[in-house]
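Right, one structure below, let's go through it.
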Amino acid sequence: MRCLGAKRLVSAERTPRQRQWRPQIYRKCTDTMWLFLFFLFWTGLMFITGYSVVAGATGRLLFGYDSFGNVCGKKNYPVEGAPLSGQDMTLKKHVFFMNSCSLEVKDGRLVSTTLCVSSCPEEQLHTLEEIQLFAKNNGSFLCVYNLNSANYTQNPHADSLCPRLPVPPSKSFPLFNRCIPQTPECYSLFASVLVNDVDTLHQILSGIMSGRDTILGLCFLSLGLSLAMVFTFRLITTLLVHTFIALVILGLLFVCGVLWWLYYDYTNDFSIALDTERENMTCLLGFAIVSTVLTAVLLVLIFVLRKRMKLAIELLWVTNKAISSSPFLLFQPLWTFAILIFFWVLWVAVLLSLGTAGAAQVIEGGQVEYKPLSGIWYMCWYHLIGLIWTSEFILACQQMTVAGAVVTSYFNRNKNDPPDGPILSSLSILFCYHQGTAVKGSFLITMVRIPRTILVYIYNTLKDKRSTWARSVFRCCFCCVCYLDKCLRHLNQNAYTTTAINGTDFCTSAKDTLKLLSKNSSHFTSVNCFGNFIIFLGKVLVVCFTVFGGLMAFNYHRVLQVWAIPLLLVTFFAYLVAHSFLSVFDTVLDSLFLCFAVDLETNDGSSEKPYFMDQEFLSFVKRMNKLNNPRAQREENLRNEEGTELRPIVR
């Protein structure tokens, strides 16, 4: 990477031409200090990753473990002071609770003895003789390891070393390979203790691990829907837009109806007794309210902006024409998606390892418990910031790459002779000179996302103590933070485009962008906003149907699975995937608008200072000016106004 004041000639005239303009000829590294800070931050993430590998024990979470420190299904190492530890449990893959009908929790930990067994008893066992026969026939020993199966009926301490009679029938559930009792009485008591009394972190990890197959399937669903949206916008027509909007409306109404129906089904289910089921019901109510409000707002916006639809479709056609000059822009999200997938998988793996990091301590009876290490929660928060910042940085790199390609194609006099390799050229400029700018812009978004996360955490923590006034304050703060996030994203995108034009740092680019757009905001801001609105509808469609699929899938496992965390994770993933793919159109649209503003600022359309835009774009701009500006005649006389020589908009 070339940096620290290095300059490079990025554009030059091959043959003498009359007034040929290019983006700034010389570039240098921008925001290098922020790139250095990002490197230091990632050094901390690497430390946390190494720490999780050394101190974590993901196997305990994935396969379960007994009361003596043995991970089921694995060969274990002995724990000093625990004589029953260090056993080979390769053939014993299931966790069996000796007193599943009367589990005891003390000081936030399970004190009932658990064992690793080869199979769960599928029939009720009433006597020690039946337990002994089950061990002989199935090779599954339900008593403590140091008691030989031949002595089940002879040892005087068998009552304390074997499960309490009768042993209810159980079945292995794909949640940490636990043997779940099947009788209604035991099942209710077992689930209420096992699910409701675990700590928050393990409840989150439990939700992720139990629904990992569903989460993976929903991620691929969001990917397929995003690709479908890309091809839809690529082949945009008036009829297709009307059909698309109708599909969005019908889809939102259908999703709202299903959400309210599921909530009604929960409220009328009198068997609900677990905290997980109540949390699922609350989650359903929240999703139902949000989707209903979103549907109402979108219907109002579609009705208000319906007259702009025709011009918005023309604007999207202009966007598609710009993409046609660099058709590989549509494949740009693929490498972004691949990098995000790799990073998210690594992030989740480190999180799971952190959740299982604990020191083995021997307690009474030779049993082993794992106490969380100090500082784990601080590492988790640092890890969360790394997730947001790095994800936003990857998306910022995509935006700068697309913006650079559009700028190179737009400021080209000979439209029949497009520049060679605009995407590769934009990528090389980004990685050699402007990574620091992408880091700084993504950091600002992260600084807005963190208060949102904290507000949600406080809101959920104080959900039983908050008053109506406090609830209103939290909602107002959350809305303000969301609005600030939206404004910053729009500013960042335009600042990246200005950096691609002039090679300036983030703050200078943002200042020049605001100044330039304020002068030209009356040209086609409303139509541009409606074009962005249609693209936003595509993202909403992807997210809503992914969430709907998640609700349908998670609804089959109501009891031992908390929906909130897996569903929010899927929602976050679906939005980022849809944003990664559809942001190509969004970035191209905003980049064209900014290039147009620069064109108007520095040219007048005369033969001496012609516009860089082609005739189709110019006629489209004139039609929008007549619609938006009551003084359209003034805009039609642009050729008679005195312009200035085109130059980089830097101080």
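The way I read the labels, and the way they are meant: chains A, B, ... in the order of the structure tokens, residue 1 as the first residue of every chain, and ligand 1 as the first ligand shown, with later ones counted on from there.
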Residues within 9 Å of range 226-236 of chain A, please, as an MDAnalysis selection string. Count only C-alpha atoms; anything in the same chain fewer than 2 positions from it doesn't count. chainID A and resid 221:224 238:241 244 313 316:317 320 330 535 538:539 541:542 574 577:582 584:585
Fewer than 6 positions away in the same chain doesn't count, so skip those; otherwise give me all residues within 8 Å of Leu285 in chain A, counting only C-alpha atoms, as a count of residues only. 3
Determine the nearest neighbour of Phe536 in chain A from the options A:Met89, A:Cys143, A:Leu373, A:Val248, counting only C-alpha atoms.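 Under the stated criterion, the closest residue is A:Val248.
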What does the structure give for the distance between CA of Leu592 in chain A and CA of Ser606 in chain A, in Å to one decimal? 20.9 Å
Just how far from CA of Gln398 in chain A is CA of Leu491 in chain A, in Å to one decimal? 15.6 Å
Would you mind writing down, as a PDB file with C-alpha atoms, in the first residue's frame, each residue of range 246-455 of chain A that DSSP on the backbone assigns to strand (DSSP E or B)?
ATOM      1  CA  GLY A 358     -14.210 -20.231  32.085  1.00  0.00           C
ATOM      2  CA  ALA A 359     -11.913 -21.677  34.705  1.00  0.00           C
ATOM      3  CA  ALA A 360     -12.625 -25.204  35.957  1.00  0.00           C
ATOM      4  CA  GLN A 361     -13.173 -25.311  39.721  1.00  0.00           C
ATOM      5  CA  VAL A 362     -13.724 -28.459  41.768  1.00  0.00           C
ATOM      6  CA  VAL A 368     -16.561 -29.476  38.350  1.00  0.00           C
ATOM      7  CA  GLU A 369     -18.067 -26.123  37.480  1.00  0.00           C
ATOM      8  CA  TYR A 370     -16.824 -23.453  35.097  1.00  0.00           C
ATOM      9  CA  LYS A 371     -16.852 -19.888  36.335  1.00  0.00           C
ATOM     10  CA  PRO A 372     -16.723 -17.114  33.719  1.00  0.00           C
TER      11      PRO A 372
END
For a quick check of understanding, using only C-alpha atoms, which of A:Leu395, A:Cys179, A:Ile450, A:Cys544 has the smallest distance to Leu250 in chain A?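 Comparing A:Leu395, A:Cys179, A:Ile450, A:Cys544 against Leu250 in chain A, the winner is A:Cys544.
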All residues 6 Å or closer to range 161-168 of chain A, only C-alpha atoms, same chain fewer than 5 positions away omitted, as a ChimeraX atom specification: /A:98-99,124-126,143-144
Keeping only N, CA and C atoms, write the selected residues to a file as a tab-separated table (two decimals), in the first residue's frame.
chain	number	residue	atom	x	y	z
A	98	MET	N	-29.94	-36.58	35.98
A	98	MET	CA	-30.36	-37.66	36.88
A	98	MET	C	-31.69	-37.37	37.54
A	99	ASN	N	-31.97	-36.11	37.83
A	99	ASN	CA	-33.24	-35.74	38.46
A	99	ASN	C	-33.96	-34.73	37.56
A	124	GLN	N	-40.22	-45.43	30.44
A	124	GLN	CA	-40.10	-45.12	31.86
A	124	GLN	C	-39.52	-46.31	32.61
A	125	LEU	N	-38.56	-45.99	33.49
A	125	LEU	CA	-37.90	-47.01	34.30
A	125	LEU	C	-38.34	-46.83	35.76
A	126	HIS	N	-38.93	-47.91	36.35
A	126	HIS	CA	-39.53	-47.78	37.68
A	126	HIS	C	-38.62	-48.26	38.80
A	143	CYS	N	-26.26	-44.30	36.08
A	143	CYS	CA	-25.77	-43.99	37.42
A	143	CYS	C	-24.36	-43.38	37.32
A	144	VAL	N	-23.89	-42.83	38.43
A	144	VAL	CA	-22.59	-42.18	38.46
A	144	VAL	C	-21.52	-43.18	38.01
Could you name the residues that touch Gln615 in chain A at 12 Å or less, counting only C-alpha atoms, but leaving out those on the same chain fewer than 4 positions away, as number ranges by chain? A: 318, 415, 605, 610-611, 619-622
Restrict the selected residues to N, CA, C and O atoms and save them as a short mmCIF file (atom, residue, chain, number, x, y, z; two decimals), in the first residue's frame.
data_model
loop_
_atom_site.label_atom_id
_atom_site.label_comp_id
_atom_site.auth_asym_id
_atom_site.auth_seq_id
_atom_site.Cartn_x
_atom_site.Cartn_y
_atom_site.Cartn_z
N VAL A 318 -31.59 6.08 -16.51
CA VAL A 318 -30.30 6.76 -16.62
C VAL A 318 -29.25 6.04 -15.76
O VAL A 318 -28.09 5.88 -16.16
N LYS A 415 -18.07 9.52 -24.95
CA LYS A 415 -18.89 8.49 -24.36
C LYS A 415 -18.81 7.17 -25.13
O LYS A 415 -19.14 6.12 -24.59
N GLY A 605 -22.58 24.73 -20.59
CA GLY A 605 -23.19 24.12 -21.76
C GLY A 605 -22.84 24.77 -23.08
O GLY A 605 -23.36 24.36 -24.13
N PRO A 610 -18.66 22.87 -22.54
CA PRO A 610 -19.80 21.96 -22.66
C PRO A 610 -19.95 21.10 -21.41
O PRO A 610 -19.00 20.90 -20.65
N TYR A 611 -21.19 20.61 -21.23
CA TYR A 611 -21.43 19.71 -20.12
C TYR A 611 -20.80 18.34 -20.39
O TYR A 611 -20.66 17.92 -21.54
N SER A 619 -31.54 16.30 -21.45
CA SER A 619 -32.97 16.49 -21.69
C SER A 619 -33.80 16.04 -20.50
O SER A 619 -34.82 16.65 -20.17
N PHE A 620 -33.35 14.97 -19.84
CA PHE A 620 -34.04 14.51 -18.65
C PHE A 620 -33.97 15.55 -17.53
O PHE A 620 -34.96 15.81 -16.83
N VAL A 621 -32.82 16.18 -17.37
CA VAL A 621 -32.66 17.22 -16.36
C VAL A 621 -33.58 18.40 -16.64
O VAL A 621 -34.21 18.98 -15.75
N LYS A 622 -33.69 18.79 -17.92
CA LYS A 622 -34.56 19.91 -18.27
C LYS A 622 -36.02 19.60 -17.96
O LYS A 622 -36.76 20.47 -17.49
#
I want to know what sits within 12 Å of Gly251 in chain A, based on only C-alpha atoms, with residues of the same chain fewer than 3 positions away left out; could you give that as a ChimeraX atom specification? /A:243-248,254-258,291-292,295,537-538,540-548
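Taking only C-alpha atoms into account, Ala510 in chain A lies nearest to A:Leu488 out of the set A:Leu147, A:Ile385, A:Ile363, A:Leu488.
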Just the residues within 12 Å of Thr508 in chain A, please, counting only C-alpha atoms, with nothing from its chain fewer than 2 positions along; format it as a list in words.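 Counting only the stated atoms, we get Thr30, Asp31, Thr437, Asn492, Asn494, Ala495, Tyr496, Thr498, Thr499, Asn502, Gly503, Thr504, Asp505, Phe506, Ala510, Lys511, Asp512, Thr513, Leu514, Lys515, Ile649, Val650 and Arg651 of chain A.
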Using only C-alpha atoms, the residue out of A:Leu589, A:Met281, A:Ala403, A:Leu444 with shortest distance to Ile388 in chain A is A:Leu444
Step one, run DSSP on the backbone; step two, keep only residues of range 355-527 of chain A assigned to helix (DSSP H, G or I); then write them as a PyMOL selection string. chain A and resi 355+364-366+376-410+422-433+435-461+468-502+506-519+525-527
May I have the residues from that selection written out with C-alpha atoms, as a compact mmCIF listing (two decimals), in the first residue's frame?
# COMPACT_ATOMS: atom_id res chain seq x y z
CA GLY A 355 -19.16 -17.42 25.95
CA GLU A 364 -18.08 -30.68 46.71
CA GLY A 365 -18.53 -34.26 45.64
CA GLY A 366 -15.69 -34.07 43.12
CA ILE A 376 -15.56 -11.41 29.44
CA TRP A 377 -18.42 -8.92 29.13
CA TYR A 378 -16.00 -6.09 28.30
CA MET A 379 -14.48 -8.27 25.59
CA CYS A 380 -17.95 -9.01 24.22
CA TRP A 381 -18.73 -5.29 23.94
CA TYR A 382 -15.38 -4.66 22.24
CA HIS A 383 -16.17 -7.57 19.94
CA LEU A 384 -19.58 -6.05 19.12
CA ILE A 385 -17.98 -2.72 18.20
CA GLY A 386 -15.61 -4.64 15.95
CA LEU A 387 -18.57 -6.26 14.22
CA ILE A 388 -20.25 -2.94 13.46
CA TRP A 389 -17.13 -0.98 12.52
CA THR A 390 -15.63 -3.65 10.29
CA SER A 391 -18.95 -4.36 8.56
CA GLU A 392 -19.45 -0.67 7.88
CA PHE A 393 -15.87 -0.36 6.62
CA ILE A 394 -16.41 -3.18 4.12
CA LEU A 395 -19.59 -1.51 2.87
CA ALA A 396 -17.78 1.85 2.67
CA CYS A 397 -15.10 0.29 0.48
CA GLN A 398 -17.82 -0.93 -1.86
CA GLN A 399 -19.40 2.52 -2.00
CA MET A 400 -16.08 4.20 -2.78
CA THR A 401 -15.30 1.63 -5.48
CA VAL A 402 -18.66 2.11 -7.21
CA ALA A 403 -18.47 5.90 -6.85
CA GLY A 404 -14.96 5.97 -8.32
CA ALA A 405 -16.07 3.93 -11.34
CA VAL A 406 -19.08 6.21 -11.93
CA VAL A 407 -16.94 9.36 -11.63
CA THR A 408 -14.42 8.03 -14.12
CA SER A 409 -17.15 7.16 -16.64
CA TYR A 410 -19.12 10.39 -16.16
CA PRO A 422 -12.78 1.76 -14.24
CA ILE A 423 -13.54 -0.70 -11.42
CA LEU A 424 -9.98 -1.98 -11.08
CA SER A 425 -8.67 1.58 -11.28
CA SER A 426 -11.10 2.67 -8.56
CA LEU A 427 -10.11 -0.28 -6.36
CA SER A 428 -6.41 0.45 -6.71
CA ILE A 429 -6.91 4.12 -5.84
CA LEU A 430 -9.01 3.14 -2.82
CA PHE A 431 -6.52 0.68 -1.36
CA CYS A 432 -3.48 2.83 -2.11
CA TYR A 433 -4.77 6.21 -0.99
CA GLN A 435 -8.64 3.52 3.06
CA GLY A 436 -8.34 6.02 5.89
CA THR A 437 -11.31 7.96 4.54
CA ALA A 438 -13.42 4.79 4.46
CA VAL A 439 -12.32 4.00 8.04
CA LYS A 440 -13.29 7.46 9.28
CA GLY A 441 -16.69 7.40 7.58
CA SER A 442 -17.49 3.93 8.90
CA PHE A 443 -16.37 4.99 12.39
CA LEU A 444 -18.95 7.79 12.42
CA ILE A 445 -21.68 5.28 11.59
CA THR A 446 -20.39 3.01 14.35
CA MET A 447 -20.53 5.86 16.85
CA VAL A 448 -24.22 6.22 16.03
CA ARG A 449 -24.90 2.49 16.12
CA ILE A 450 -23.38 2.07 19.59
CA PRO A 451 -25.86 4.47 21.31
CA ARG A 452 -28.67 2.63 19.51
CA THR A 453 -27.42 -0.68 20.91
CA ILE A 454 -27.03 0.80 24.41
CA LEU A 455 -30.53 2.29 24.29
CA VAL A 456 -32.01 -1.05 23.28
CA TYR A 457 -30.05 -2.80 26.04
CA ILE A 458 -31.20 -0.31 28.71
CA TYR A 459 -34.77 -0.42 27.40
CA ASN A 460 -34.86 -4.22 27.74
CA THR A 461 -33.07 -4.21 31.10
CA THR A 468 -44.67 5.91 30.67
CA TRP A 469 -42.47 9.01 30.76
CA ALA A 470 -39.27 6.96 30.61
CA ARG A 471 -40.68 4.88 27.76
CA SER A 472 -41.45 8.03 25.76
CA VAL A 473 -37.96 9.44 26.40
CA PHE A 474 -36.33 6.21 25.23
CA ARG A 475 -38.40 6.16 22.07
CA CYS A 476 -37.62 9.79 21.27
CA CYS A 477 -33.90 9.20 21.78
CA PHE A 478 -34.02 6.10 19.62
CA CYS A 479 -35.83 7.95 16.81
CA CYS A 480 -33.31 10.81 16.96
CA VAL A 481 -30.38 8.39 16.77
CA CYS A 482 -31.98 6.56 13.82
CA TYR A 483 -32.52 9.85 11.97
CA LEU A 484 -28.92 10.87 12.64
CA ASP A 485 -27.76 7.49 11.31
CA LYS A 486 -29.73 8.03 8.09
CA CYS A 487 -28.33 11.53 7.57
CA LEU A 488 -24.76 10.40 8.23
CA ARG A 489 -25.08 7.55 5.74
CA HIS A 490 -26.23 9.94 3.02
CA LEU A 491 -23.45 12.39 3.87
CA ASN A 492 -20.84 9.62 3.90
CA GLN A 493 -21.88 8.36 0.49
CA ASN A 494 -21.57 11.82 -1.08
CA ALA A 495 -18.30 12.45 0.75
CA TYR A 496 -16.88 9.22 -0.70
CA THR A 497 -17.87 10.39 -4.19
CA THR A 498 -16.20 13.76 -3.64
CA THR A 499 -13.08 11.97 -2.44
CA ALA A 500 -13.16 9.90 -5.63
CA ILE A 501 -13.38 13.16 -7.66
CA ASN A 502 -10.83 15.29 -5.85
CA PHE A 506 -13.21 12.98 4.60
CA CYS A 507 -13.94 16.27 6.38
CA THR A 508 -12.98 18.42 3.37
CA SER A 509 -15.04 16.21 1.06
CA ALA A 510 -18.08 16.35 3.37
CA LYS A 511 -17.85 20.16 3.63
CA ASP A 512 -17.52 20.62 -0.13
CA THR A 513 -20.38 18.20 -0.70
CA LEU A 514 -22.76 20.06 1.59
CA LYS A 515 -21.85 23.38 0.00
CA LEU A 516 -22.28 22.08 -3.54
CA LEU A 517 -25.54 20.21 -2.93
CA SER A 518 -27.09 23.19 -1.14
CA LYS A 519 -26.65 25.21 -4.35
CA THR A 525 -33.86 16.22 -5.35
CA SER A 526 -37.48 15.09 -5.11
CA VAL A 527 -37.20 12.70 -8.05
Quick one: of A:Gln367, A:Asn148, A:Asn177, A:Gln132, who's nearest to Phe96 in chain A, counting only C-alpha atoms? A:Asn177
